file data01.cif (mmCIF, C-alpha atoms)
data_final
#
loop_
_atom_site.label_atom_id
_atom_site.label_comp_id
_atom_site.auth_asym_id
_atom_site.auth_seq_id
_atom_site.Cartn_x
_atom_site.Cartn_y
_atom_site.Cartn_z
CA MET A 17 -0.57 -3.80 -17.93
CA THR A 18 1.09 -4.90 -14.71
CA GLY A 19 4.17 -3.63 -12.95
CA THR A 20 6.29 -4.06 -9.85
CA PRO A 21 5.59 -1.74 -6.89
CA MET A 22 8.34 0.80 -6.20
CA GLN A 23 10.50 0.36 -3.13
CA GLY A 24 13.31 2.20 -1.39
CA THR A 25 14.28 5.86 -1.40
CA HIS A 26 13.60 8.12 -4.37
CA VAL A 27 14.59 11.77 -4.61
CA PRO A 28 12.41 14.46 -6.24
CA LEU A 29 15.10 16.66 -7.74
CA VAL A 30 15.00 20.43 -7.52
CA THR A 31 15.44 22.25 -10.82
CA PRO A 32 18.49 24.52 -10.55
CA PHE A 33 18.45 27.80 -12.46
CA THR A 34 21.24 30.06 -13.63
CA PRO A 35 21.28 33.70 -12.45
CA GLU A 36 19.76 34.53 -15.85
CA GLY A 37 16.82 32.22 -15.13
CA GLU A 38 17.67 29.31 -17.43
CA VAL A 39 17.75 25.66 -16.37
CA ASP A 40 21.26 24.96 -15.08
CA VAL A 41 22.06 21.64 -16.76
CA ALA A 42 25.47 21.25 -15.13
CA SER A 43 24.07 21.79 -11.63
CA LEU A 44 21.16 19.45 -12.28
CA GLU A 45 23.47 16.66 -13.39
CA ARG A 46 25.84 17.27 -10.45
CA LEU A 47 22.95 17.14 -7.99
CA ALA A 48 21.51 13.97 -9.54
CA ARG A 49 24.88 12.24 -9.25
CA HIS A 50 25.28 13.47 -5.68
CA VAL A 51 22.05 11.90 -4.49
CA LEU A 52 22.70 8.61 -6.29
CA ASP A 53 26.22 8.47 -4.90
CA GLY A 54 24.54 8.87 -1.50
CA GLY A 55 22.87 5.51 -1.96
CA VAL A 56 19.29 6.29 -2.94
CA ASP A 57 17.37 4.00 -5.26
CA GLY A 58 16.04 6.34 -7.94
CA LEU A 59 15.21 9.86 -9.06
CA VAL A 60 11.98 11.78 -9.59
CA ALA A 61 11.91 14.50 -12.26
CA LEU A 62 9.27 17.21 -12.71
CA GLY A 63 7.77 16.75 -9.28
CA THR A 64 6.46 19.50 -7.02
CA THR A 65 9.98 20.01 -5.65
CA GLY A 66 11.23 20.56 -9.21
CA GLU A 67 8.91 23.57 -9.73
CA ALA A 68 7.58 21.71 -12.77
CA ALA A 69 4.54 23.94 -13.15
CA THR A 70 6.78 26.97 -13.71
CA LEU A 71 8.88 25.38 -16.47
CA THR A 72 8.29 25.81 -20.18
CA PRO A 73 7.83 22.67 -22.32
CA ASP A 74 11.40 23.01 -23.60
CA GLU A 75 12.72 23.34 -20.05
CA GLN A 76 10.72 20.30 -18.95
CA GLU A 77 12.25 18.28 -21.77
CA THR A 78 15.73 19.43 -20.74
CA VAL A 79 15.14 18.25 -17.18
CA LEU A 80 13.85 14.92 -18.45
CA ARG A 81 16.77 14.41 -20.80
CA VAL A 82 19.38 15.14 -18.14
CA SER A 83 17.64 13.05 -15.48
CA ARG A 84 17.17 10.12 -17.85
CA GLY A 85 20.83 10.22 -18.81
CA VAL A 86 22.04 10.10 -15.21
CA CYS A 87 19.61 7.31 -14.31
CA ASP A 88 20.78 5.26 -17.28
CA ALA A 89 24.41 5.79 -16.27
CA TYR A 90 23.69 4.55 -12.74
CA GLY A 91 21.22 1.83 -13.73
CA VAL A 92 18.40 3.19 -11.56
CA PRO A 93 14.76 4.05 -12.37
CA LEU A 94 13.42 7.48 -13.22
CA THR A 95 9.96 8.49 -12.07
CA VAL A 96 8.43 11.42 -13.96
CA GLY A 97 5.75 13.72 -12.62
CA ALA A 98 2.61 14.32 -14.68
CA GLY A 99 -0.98 15.38 -14.27
CA THR A 100 -3.27 18.37 -14.36
CA MET A 101 -6.92 19.13 -13.62
CA GLY A 102 -8.51 17.48 -16.64
CA THR A 103 -8.32 13.83 -17.64
CA ASP A 104 -7.73 14.45 -21.36
CA ALA A 105 -4.94 16.95 -20.64
CA THR A 106 -3.38 14.57 -18.13
CA ILE A 107 -3.39 11.74 -20.66
CA ALA A 108 -1.73 13.97 -23.26
CA GLN A 109 0.95 15.06 -20.81
CA ALA A 110 1.51 11.51 -19.57
CA ARG A 111 1.95 10.25 -23.13
CA ASP A 112 4.46 13.01 -23.88
CA ARG A 113 6.56 12.19 -20.83
CA ALA A 114 6.22 8.41 -20.85
CA PRO A 115 9.21 7.81 -23.18
CA TYR A 116 11.51 9.19 -20.49
CA ALA A 117 9.88 7.39 -17.58
CA ASP A 118 10.08 4.05 -15.83
CA THR A 119 7.07 5.17 -13.77
CA LEU A 120 4.74 8.15 -14.04
CA LEU A 121 3.85 9.99 -10.82
CA VAL A 122 0.35 11.27 -11.57
CA VAL A 123 -1.14 13.80 -9.18
CA ALA A 124 -4.81 13.49 -8.25
CA PRO A 125 -6.88 16.01 -10.23
CA TYR A 126 -6.81 19.25 -8.30
CA TYR A 127 -8.98 22.33 -7.79
CA LEU A 128 -12.08 20.91 -9.52
CA ARG A 129 -12.90 18.60 -6.57
CA PRO A 130 -14.51 15.74 -8.52
CA THR A 131 -16.32 12.88 -6.79
CA GLU A 132 -14.32 9.90 -5.61
CA ASP A 133 -15.77 7.88 -8.50
CA GLY A 134 -14.52 10.61 -10.82
CA VAL A 135 -11.00 10.39 -9.40
CA VAL A 136 -11.00 6.60 -9.72
CA ALA A 137 -12.18 6.90 -13.34
CA HIS A 138 -9.47 9.53 -13.97
CA TYR A 139 -6.72 7.14 -12.90
CA ALA A 140 -8.25 4.25 -14.81
CA ALA A 141 -8.24 6.33 -18.00
CA VAL A 142 -4.67 7.56 -17.54
CA ALA A 143 -3.25 4.16 -16.63
CA SER A 144 -4.87 2.55 -19.66
CA ALA A 145 -3.54 5.27 -21.99
CA VAL A 146 0.20 4.83 -21.31
CA ASP A 147 2.64 1.96 -21.54
CA VAL A 148 4.49 2.62 -18.29
CA PRO A 149 3.26 2.03 -14.72
CA VAL A 150 1.47 4.79 -12.85
CA LEU A 151 2.14 5.91 -9.29
CA MET A 152 -0.75 7.79 -7.70
CA TYR A 153 0.21 11.08 -6.05
CA ASN A 154 -2.13 11.71 -3.13
CA ILE A 155 -1.52 15.16 -1.65
CA PRO A 156 -4.85 16.60 -0.47
CA TYR A 157 -3.39 19.75 1.08
CA ARG A 158 -2.34 20.80 -2.45
CA THR A 159 -5.15 19.34 -4.56
CA GLY A 160 -8.04 20.36 -2.32
CA ARG A 161 -9.54 16.86 -2.60
CA THR A 162 -9.29 14.42 0.30
CA LEU A 163 -9.91 10.81 -0.70
CA SER A 164 -11.07 8.02 1.56
CA ALA A 165 -8.93 4.94 2.11
CA GLU A 166 -11.59 2.95 0.27
CA ALA A 167 -11.29 5.13 -2.84
CA ILE A 168 -7.48 4.99 -2.76
CA LEU A 169 -7.56 1.20 -2.46
CA ARG A 170 -9.80 1.10 -5.54
CA ILE A 171 -7.23 3.16 -7.43
CA LEU A 172 -4.36 0.97 -6.23
CA ASP A 173 -6.27 -2.06 -7.52
CA LEU A 174 -6.47 -0.65 -11.05
CA ASP A 175 -4.49 -2.33 -13.79
CA GLY A 176 -1.36 -0.27 -14.43
CA VAL A 177 -1.33 1.52 -11.06
CA VAL A 178 1.62 0.13 -9.09
CA GLY A 179 1.53 2.28 -5.99
CA MET A 180 1.15 5.72 -4.48
CA LYS A 181 3.07 8.64 -3.07
CA HIS A 182 1.13 9.36 0.10
CA CYS A 183 1.27 12.91 1.51
CA PRO A 184 -1.62 13.39 3.93
CA GLY A 185 0.39 15.69 6.20
CA GLY A 186 0.52 13.17 9.02
CA ILE A 187 -0.25 9.56 9.90
CA ASP A 188 -4.02 9.41 10.17
CA GLY A 189 -6.50 6.56 10.43
CA ASP A 190 -6.79 6.21 6.67
CA SER A 191 -3.00 5.95 6.43
CA LEU A 192 -3.08 3.03 8.86
CA VAL A 193 -5.76 1.32 6.78
CA LEU A 194 -3.74 1.82 3.60
CA LEU A 195 -0.58 0.48 5.21
CA ALA A 196 -2.43 -2.56 6.56
CA GLU A 197 -4.16 -3.32 3.26
CA ALA A 198 -1.52 -2.28 0.72
CA GLY A 199 1.68 -1.24 2.49
CA GLU A 200 3.78 -2.75 -0.28
CA LYS A 201 2.34 -0.11 -2.62
CA VAL A 202 2.73 2.93 -0.34
CA LEU A 203 5.63 5.38 -0.52
CA CYS A 204 5.72 8.09 2.13
CA GLY A 205 5.91 11.54 0.60
CA ASP A 206 5.98 13.54 3.83
CA ASP A 207 9.66 13.80 4.76
CA ALA A 208 9.08 14.09 8.51
CA TYR A 209 7.14 10.83 8.66
CA ALA A 210 9.43 8.66 6.53
CA PHE A 211 10.76 6.54 9.38
CA PRO A 212 7.45 5.87 11.18
CA MET A 213 5.72 5.15 7.86
CA ARG A 214 8.45 2.67 6.94
CA ALA A 215 8.16 1.09 10.38
CA LEU A 216 4.41 0.70 9.83
CA GLY A 217 4.92 -1.10 6.53
CA ALA A 218 5.43 1.50 3.78
CA ALA A 219 7.54 0.22 0.90
CA GLY A 220 9.63 3.36 0.54
CA VAL A 221 9.87 7.11 0.57
CA ILE A 222 10.00 10.02 -1.88
CA ALA A 223 11.83 12.69 0.11
CA ALA A 224 12.80 16.19 -1.01
CA THR A 225 15.16 16.54 1.97
CA ALA A 226 17.24 13.74 0.44
CA ASN A 227 18.49 16.24 -2.16
CA LEU A 228 20.61 17.60 0.68
CA VAL A 229 21.24 14.49 2.83
CA PRO A 230 20.66 11.46 0.59
CA SER A 231 22.57 8.96 2.73
CA ALA A 232 20.38 9.80 5.73
CA TYR A 233 17.28 8.63 3.86
CA ALA A 234 19.07 5.73 2.20
CA ASN A 235 20.06 4.42 5.65
CA LEU A 236 17.09 5.57 7.69
CA ASP A 237 16.77 4.38 11.28
CA LEU A 238 15.34 5.86 14.47
CA ALA A 239 18.50 7.73 15.44
CA THR A 240 18.75 9.26 11.96
CA HIS A 241 15.05 10.15 12.06
CA ASP A 242 15.59 12.03 15.31
CA ARG A 243 18.43 14.00 13.71
CA LEU A 244 16.33 14.76 10.63
CA VAL A 245 13.40 16.28 12.53
CA PRO A 246 14.91 19.78 13.01
CA LEU A 247 16.28 19.80 9.46
CA VAL A 248 12.94 18.90 7.90
CA ASP A 249 11.21 21.45 10.12
CA ALA A 250 13.52 24.20 8.88
CA LEU A 251 13.37 23.18 5.21
CA PHE A 252 9.56 23.22 5.18
CA SER A 253 9.00 26.25 7.42
CA GLU A 254 8.85 28.33 4.22
CA PRO A 255 7.42 27.25 0.85
CA SER A 256 9.38 24.33 -0.57
CA PRO A 257 11.85 24.23 -2.30
CA THR A 258 13.01 27.78 -1.42
CA VAL A 259 15.00 26.89 1.71
CA LEU A 260 16.20 23.62 0.21
CA LYS A 261 17.65 25.31 -2.87
CA ALA A 262 19.41 27.91 -0.73
CA CYS A 263 20.99 25.13 1.33
CA LEU A 264 22.02 23.20 -1.78
CA ALA A 265 23.69 26.32 -3.16
CA ALA A 266 25.43 26.98 0.16
CA ARG A 267 26.80 23.43 0.05
CA GLY A 268 27.96 23.84 -3.56
CA LEU A 269 25.63 21.15 -4.86
CA ILE A 270 23.98 23.66 -7.21
CA ASP A 271 25.43 26.96 -8.35
CA ASP A 272 22.54 29.32 -7.63
CA PRO A 273 19.58 29.24 -5.19
CA SER A 274 17.11 30.96 -7.55
CA VAL A 275 13.45 30.00 -7.51
CA ARG A 276 10.70 30.93 -9.97
CA ALA A 277 7.94 33.42 -9.18
CA PRO A 278 5.61 33.39 -7.36
CA PHE A 279 8.19 31.88 -4.97
CA GLN A 280 10.34 34.39 -3.12
CA PRO A 281 13.83 33.83 -1.68
CA PRO A 282 13.70 32.45 1.87
CA HIS A 283 14.67 34.44 4.95
CA PRO A 284 18.41 34.14 5.69
CA GLU A 285 17.77 33.08 9.29
CA THR A 286 15.69 30.13 8.07
CA VAL A 287 18.46 29.01 5.75
CA GLU A 288 20.99 29.34 8.57
CA ARG A 289 18.79 27.22 10.84
CA ALA A 290 18.50 24.52 8.17
CA LEU A 291 22.24 24.48 7.48
CA LYS A 292 22.98 24.14 11.21
CA ALA A 293 20.64 21.15 11.33
CA ALA A 294 22.06 19.49 8.20
CA PHE A 295 24.56 16.67 8.57
#

call {"tool": "encode", "arguments": {"input": "data01.cif", "output": "structure tokens"}}
result
Amino acid sequence: MTGTPMQGTHVPLVTPFTPEGEVDVASLERLARHVLDGGVDGLVALGTTGEAATLTPDEQETVLRVSRGVCDAYGVPLTVGAGTMGTDATIAQARDRAPYADTLLVVAPYYLRPTEDGVVAHYAAVASAVDVPVLMYNIPYRTGRTLSAEAILRILDLDGVVGMKHCPGGIDGDSLVLLAEAGEKVLCGDDAYAFPMRALGAAGVIAATANLVPSAYANLDLATHDRLVPLVDALFSEPSPTVLKACLAARGLIDDPSVRAPFQPPHPETVERALKAAF
């Protein structure tokens, strides 16, 4: 299976909840339309920002149904998060979610710390088991497994793998190698580095901050980057998406800022700092 690498700006949606703790369908649809009206190129459902791991299977399906409907209405692609520690479980989850997805964002297997050959084999098995393209999700500060540029390039060369969301927490030497060798397949997943990564050859960005300021990421330049730095710093100074959801609620983009345990509500002063930096 082949596929076209993703480009442009894609937004990993938060999952709004009602005060009673249910998925707030109306707020989710309103938020999805807000970011697409802001000029972004696609949506991501059930990503880290969406608190996917805390949702029940029925809630996950609700998020997928709503997100798919909005994407179809706007004629834009939907990327769907998938993946767990084991390869068999990841394949099962990917197959369940594939009918909703234009692309599957599959996180590198976490916690178990397999060898690099094991991670490559994991992606080969998943990509061959589904009928939609796979986007690798490389986020070592969450998975506990740092991969070399050589191993990532092997994964990007697999049939069915069309690119990667790259979240190394900075722009390191391996990032420069990846951009030089396969920049057309790299999407920056660290919001603060979106502009420099694009300038160095990345094809696009998956940015949680774009829930709040989608047009800033859709029209990213150096001046906008400079304005985004204090906003991103505030939004990620406490566990994401706690501050982000509070800001979205304050702006009326979702009805309630609730997050699922073990998240806790953010400190009011952090939310105030983020709102002052938002534009």

call {"tool": "atom_distance", "arguments": {"input": "data01.cif", "atom1": "CA of Asp112 in chain A", "atom2": "CA of His182 in chain A"}}
result
24.5 Å

call {"tool": "closest_atom_pairs", "arguments": {"input": "data01.cif", "of": "range 50-91 of chain A", "to": "range 209-232 of chain A", "cutoff": "12 Å", "atoms": "only C-alpha atoms", "output": "JSON lines"}}
result
{"residue": "A:His50", "atom": "CA", "partner": "A:Pro230", "partner_atom": "CA", "distance": 8.0}
{"residue": "A:Val51", "atom": "CA", "partner": "A:Pro230", "partner_atom": "CA", "distance": 5.3}
{"residue": "A:Leu52", "atom": "CA", "partner": "A:Pro230", "partner_atom": "CA", "distance": 7.7}
{"residue": "A:Asp53", "atom": "CA", "partner": "A:Pro230", "partner_atom": "CA", "distance": 8.4}
{"residue": "A:Gly54", "atom": "CA", "partner": "A:Ser231", "partner_atom": "CA", "distance": 4.7}
{"residue": "A:Gly55", "atom": "CA", "partner": "A:Ser231", "partner_atom": "CA", "distance": 5.8}
{"residue": "A:Val56", "atom": "CA", "partner": "A:Pro230", "partner_atom": "CA", "distance": 6.4}
{"residue": "A:Asp57", "atom": "CA", "partner": "A:Gly220", "partner_atom": "CA", "distance": 9.7}
{"residue": "A:Gly58", "atom": "CA", "partner": "A:Ile222", "partner_atom": "CA", "distance": 9.3}
{"residue": "A:Leu59", "atom": "CA", "partner": "A:Ile222", "partner_atom": "CA", "distance": 8.9}
{"residue": "A:Val60", "atom": "CA", "partner": "A:Ile222", "partner_atom": "CA", "distance": 8.2}
{"residue": "A:Ala61", "atom": "CA", "partner": "A:Ala224", "partner_atom": "CA", "distance": 11.4}
{"residue": "A:Gly63", "atom": "CA", "partner": "A:Ala224", "partner_atom": "CA", "distance": 9.7}
{"residue": "A:Thr64", "atom": "CA", "partner": "A:Ala224", "partner_atom": "CA", "distance": 9.3}
{"residue": "A:Thr65", "atom": "CA", "partner": "A:Ala224", "partner_atom": "CA", "distance": 6.6}
{"residue": "A:Gly66", "atom": "CA", "partner": "A:Ala224", "partner_atom": "CA", "distance": 9.4}

call {"tool": "closest_residue", "arguments": {"input": "data01.cif", "among": "A:Met22, A:Asp188, A:Tyr116, A:Ala108", "to": "Val82 in chain A", "atoms": "all atoms listed in the file"}}
result
A:Tyr116

call {"tool": "atom_distance", "arguments": {"input": "data01.cif", "atom1": "CA of Thr72 in chain A", "atom2": "CA of Val39 in chain A"}}
result
10.2 Å

call {"tool": "residues_around", "arguments": {"input": "data01.cif", "residues": "Ser253 in chain A", "least_positions_apart": "2", "cutoff": "12 Å", "atoms": "only C-alpha atoms", "output": "list of chain:residue names"}}
result
A:Pro246, A:Leu247, A:Val248, A:Asp249, A:Ala250, A:Leu251, A:Pro255, A:Ser256, A:Pro257, A:Thr258, A:Val259, A:Leu260, A:Pro282, A:His283, A:Glu285, A:Thr286, A:Val287, A:Arg289, A:Ala290

call {"tool": "atom_distance", "arguments": {"input": "data01.cif", "atom1": "CA of Leu244 in chain A", "atom2": "CA of Val193 in chain A"}}
result
26.1 Å

call {"tool": "closest_residue", "arguments": {"input": "data01.cif", "among": "A:Gly205, A:Leu194, A:Asp118, A:Leu174", "to": "Gly91 in chain A", "atoms": "all atoms listed in the file"}}
result
A:Asp118

call {"tool": "closest_residue", "arguments": {"input": "data01.cif", "among": "A:Ala143, A:Arg161, A:Ile155, A:Asp88", "to": "Gly176 in chain A", "atoms": "only C-alpha atoms"}}
result
A:Ala143

call {"tool": "residues_around", "arguments": {"input": "data01.cif", "residues": "range 150-152 of chain A", "least_positions_apart": "4", "cutoff": "8 Å", "atoms": "all atoms listed in the file", "output": "MDAnalysis selection string"}}
result
chainID A and resid 119:124 139 143 171:172 176:181

call {"tool": "resolve_selection", "arguments": {"input": "data01.cif", "expression": "the PyMOL selection byres ((chain A and resi 166) around 12)", "output": "number ranges by chain"}}
result
A: 132-133, 136, 162-165, 167-173, 189-191, 193-194, 197-198
